[in-house]
Amino acid sequence: CGSNSSHLSLFHVQGAGEALAAAHALSLPAEAYGNDPNIEMIWAMKAYQHAEVYFNLISSVDPKFLKLTKVDDQIYAEFRKSFGDLRIDVLDPEELKSESAKAKWRPFCMQFDGVVEDFNYGTLLRLDCTKDYTEENTIFVTRIQFFAIETARNREGYNDAVYSHAMETKSVAAERGISA
């Protein structure tokens, strides 16, 4: 991913044909590819599009009312049971990626195999929840880690800053007669 939205927009699929090719490629078994850079790019595009949609969502809907999965309550309860002391407003990448962290995250993640669709797919997560997705503020995690941390951020009020900032920006723009 890039350092700002204009750079990141390069990840958007350009047309219907490209979208169909990407969808077909993503439906094939992983063994069919090895480390194909084209497939890695498709996954990066998909991860960025997910991040963009999510950020737009928490910018337009009060995060306290968001439900990310059918099992948010279970994810949140298990997350706080396993990671009660984890600081989620500003994440330390070592708490997600170090060998000791991976050993702790693995059993947490695996309990959602068959419970959360695509629980182990790669997803982008903001390190500092008050900021947008940028190269410096983004880490690649599994989808279940994303759901766990973002559900906690939403329920515990950490994502309120994004929503409040978006509402203030909209209000100022409305006062000035500008479409936000």
# chains A, B, ... in the order shown; residues from 1 in each chain; ligands from 1
>>> closest_atom_pairs(of="region 27-115 of chain A", to="region 136-150 of chain A", cutoff="8 Å", atoms="only C-alpha atoms", output="Markdown table")
| residue | atom | partner | partner_atom | distance |
| --- | --- | --- | --- | --- |
| A:Leu68 | CA | A:Phe147 | CA | 6.9 |
| A:Thr69 | CA | A:Phe147 | CA | 7.9 |
| A:Asp72 | CA | A:Phe147 | CA | 7.9 |
| A:Ile75 | CA | A:Ala148 | CA | 5.8 |
| A:Tyr76 | CA | A:Ala148 | CA | 5.9 |
| A:Phe79 | CA | A:Ala148 | CA | 6.0 |
| A:Ile88 | CA | A:Ile149 | CA | 6.6 |
| A:Pro93 | CA | A:Ile139 | CA | 7.4 |
| A:Leu96 | CA | A:Val141 | CA | 7.8 |
| A:Cys109 | CA | A:Ile144 | CA | 6.2 |
| A:Phe112 | CA | A:Ile144 | CA | 7.5 |
>>> residues_around(residues="Tyr54 (chain A)", least_positions_apart="4", cutoff="12 Å", atoms="only C-alpha atoms", output="MDAnalysis selection string")
chainID A and resid 47:50 58:61 63 66:68 123:126 132:133 146:147 150:151 154 159 162:163
>>> write_last_selection(atoms="N, CA and C atoms", output="tab-separated table (two decimals), in the first residue's frame")
chain	number	residue	atom	x	y	z
A	47	ALA	N	-7.59	-6.36	-0.08
A	47	ALA	CA	-7.38	-5.91	1.30
A	47	ALA	C	-7.54	-4.40	1.41
A	48	TYR	N	-7.01	-3.67	0.43
A	48	TYR	CA	-7.15	-2.21	0.47
A	48	TYR	C	-8.61	-1.80	0.30
A	49	GLN	N	-9.31	-2.43	-0.61
A	49	GLN	CA	-10.72	-2.09	-0.82
A	49	GLN	C	-11.52	-2.34	0.45
A	50	HIS	N	-11.23	-3.44	1.15
A	50	HIS	CA	-11.89	-3.72	2.43
A	50	HIS	C	-11.60	-2.60	3.44
A	58	ILE	N	-16.89	3.66	9.32
A	58	ILE	CA	-16.74	4.25	10.66
A	58	ILE	C	-16.69	5.78	10.61
A	59	SER	N	-16.54	6.32	9.41
A	59	SER	CA	-16.59	7.78	9.25
A	59	SER	C	-18.02	8.27	9.10
A	60	SER	N	-18.95	7.38	8.74
A	60	SER	CA	-20.32	7.82	8.48
A	60	SER	C	-21.37	7.25	9.42
A	61	VAL	N	-21.01	6.22	10.18
A	61	VAL	CA	-21.93	5.60	11.14
A	61	VAL	C	-21.23	5.56	12.49
A	63	PRO	N	-19.57	4.27	15.33
A	63	PRO	CA	-18.99	2.92	15.47
A	63	PRO	C	-19.59	2.08	16.60
A	66	LEU	N	-22.07	-0.39	15.15
A	66	LEU	CA	-21.67	-1.28	14.06
A	66	LEU	C	-21.60	-2.72	14.52
A	67	LYS	N	-22.05	-3.60	13.67
A	67	LYS	CA	-21.91	-5.04	13.88
A	67	LYS	C	-21.10	-5.55	12.69
A	68	LEU	N	-19.90	-6.05	12.95
A	68	LEU	CA	-19.01	-6.46	11.88
A	68	LEU	C	-19.24	-7.90	11.42
A	123	THR	N	-5.81	-8.95	5.91
A	123	THR	CA	-6.59	-7.72	6.00
A	123	THR	C	-5.69	-6.62	6.54
A	124	LEU	N	-5.97	-5.40	6.16
A	124	LEU	CA	-5.20	-4.26	6.66
A	124	LEU	C	-5.83	-3.72	7.93
A	125	LEU	N	-4.99	-3.34	8.88
A	125	LEU	CA	-5.44	-2.80	10.16
A	125	LEU	C	-4.65	-1.54	10.46
A	126	ARG	N	-5.34	-0.52	10.94
A	126	ARG	CA	-4.66	0.72	11.34
A	126	ARG	C	-3.97	0.50	12.68
A	132	ASP	N	-6.14	7.59	9.54
A	132	ASP	CA	-6.55	6.86	8.34
A	132	ASP	C	-5.51	5.79	8.00
A	133	TYR	N	-5.81	5.00	7.01
A	133	TYR	CA	-4.88	4.00	6.49
A	133	TYR	C	-3.79	4.72	5.68
A	146	PHE	N	-8.37	-8.52	12.77
A	146	PHE	CA	-9.03	-7.26	12.42
A	146	PHE	C	-10.38	-7.16	13.13
A	147	PHE	N	-11.22	-8.21	12.99
A	147	PHE	CA	-12.54	-8.19	13.62
A	147	PHE	C	-12.43	-8.03	15.13
A	150	GLU	N	-11.00	-4.33	15.89
A	150	GLU	CA	-11.94	-3.27	15.50
A	150	GLU	C	-13.26	-3.36	16.26
A	151	THR	N	-13.72	-4.56	16.57
A	151	THR	CA	-14.92	-4.68	17.41
A	151	THR	C	-14.65	-4.08	18.78
A	154	ASN	N	-14.53	-0.31	18.50
A	154	ASN	CA	-15.87	0.24	18.35
A	154	ASN	C	-16.62	0.24	19.68
A	159	ASN	N	-12.83	4.24	18.24
A	159	ASN	CA	-13.08	4.70	16.87
A	159	ASN	C	-14.00	5.92	16.81
A	162	VAL	N	-12.63	9.00	14.82
A	162	VAL	CA	-12.76	9.02	13.37
A	162	VAL	C	-14.14	9.54	12.99
A	163	TYR	N	-15.16	8.99	13.63
A	163	TYR	CA	-16.54	9.40	13.35
A	163	TYR	C	-16.75	10.87	13.69
>>> atom_distance(atom1="CA of Leu91 (chain A)", atom2="CA of Cys129 (chain A)")
8.4 Å
>>> closest_residue(among="A:Glu78, A:Asp113, A:Asp128, A:Asp62", to="Val90 (chain A)", atoms="only C-alpha atoms")
A:Asp128
>>> atom_distance(atom1="CA of Tyr158 (chain A)", atom2="CA of Glu135 (chain A)")
20.7 Å
>>> atom_distance(atom1="CA of Val116 (chain A)", atom2="CA of Ser100 (chain A)")
24.2 Å
>>> select_by_dssp(residues="region 39-161 of chain A", states="strand (DSSP E or B)", output="list of chain:residue names")
A:Val90, A:Gly122, A:Thr123, A:Leu124, A:Leu125, A:Arg126, A:Asp128, A:Thr138, A:Ile139, A:Phe140, A:Val141, A:Thr142
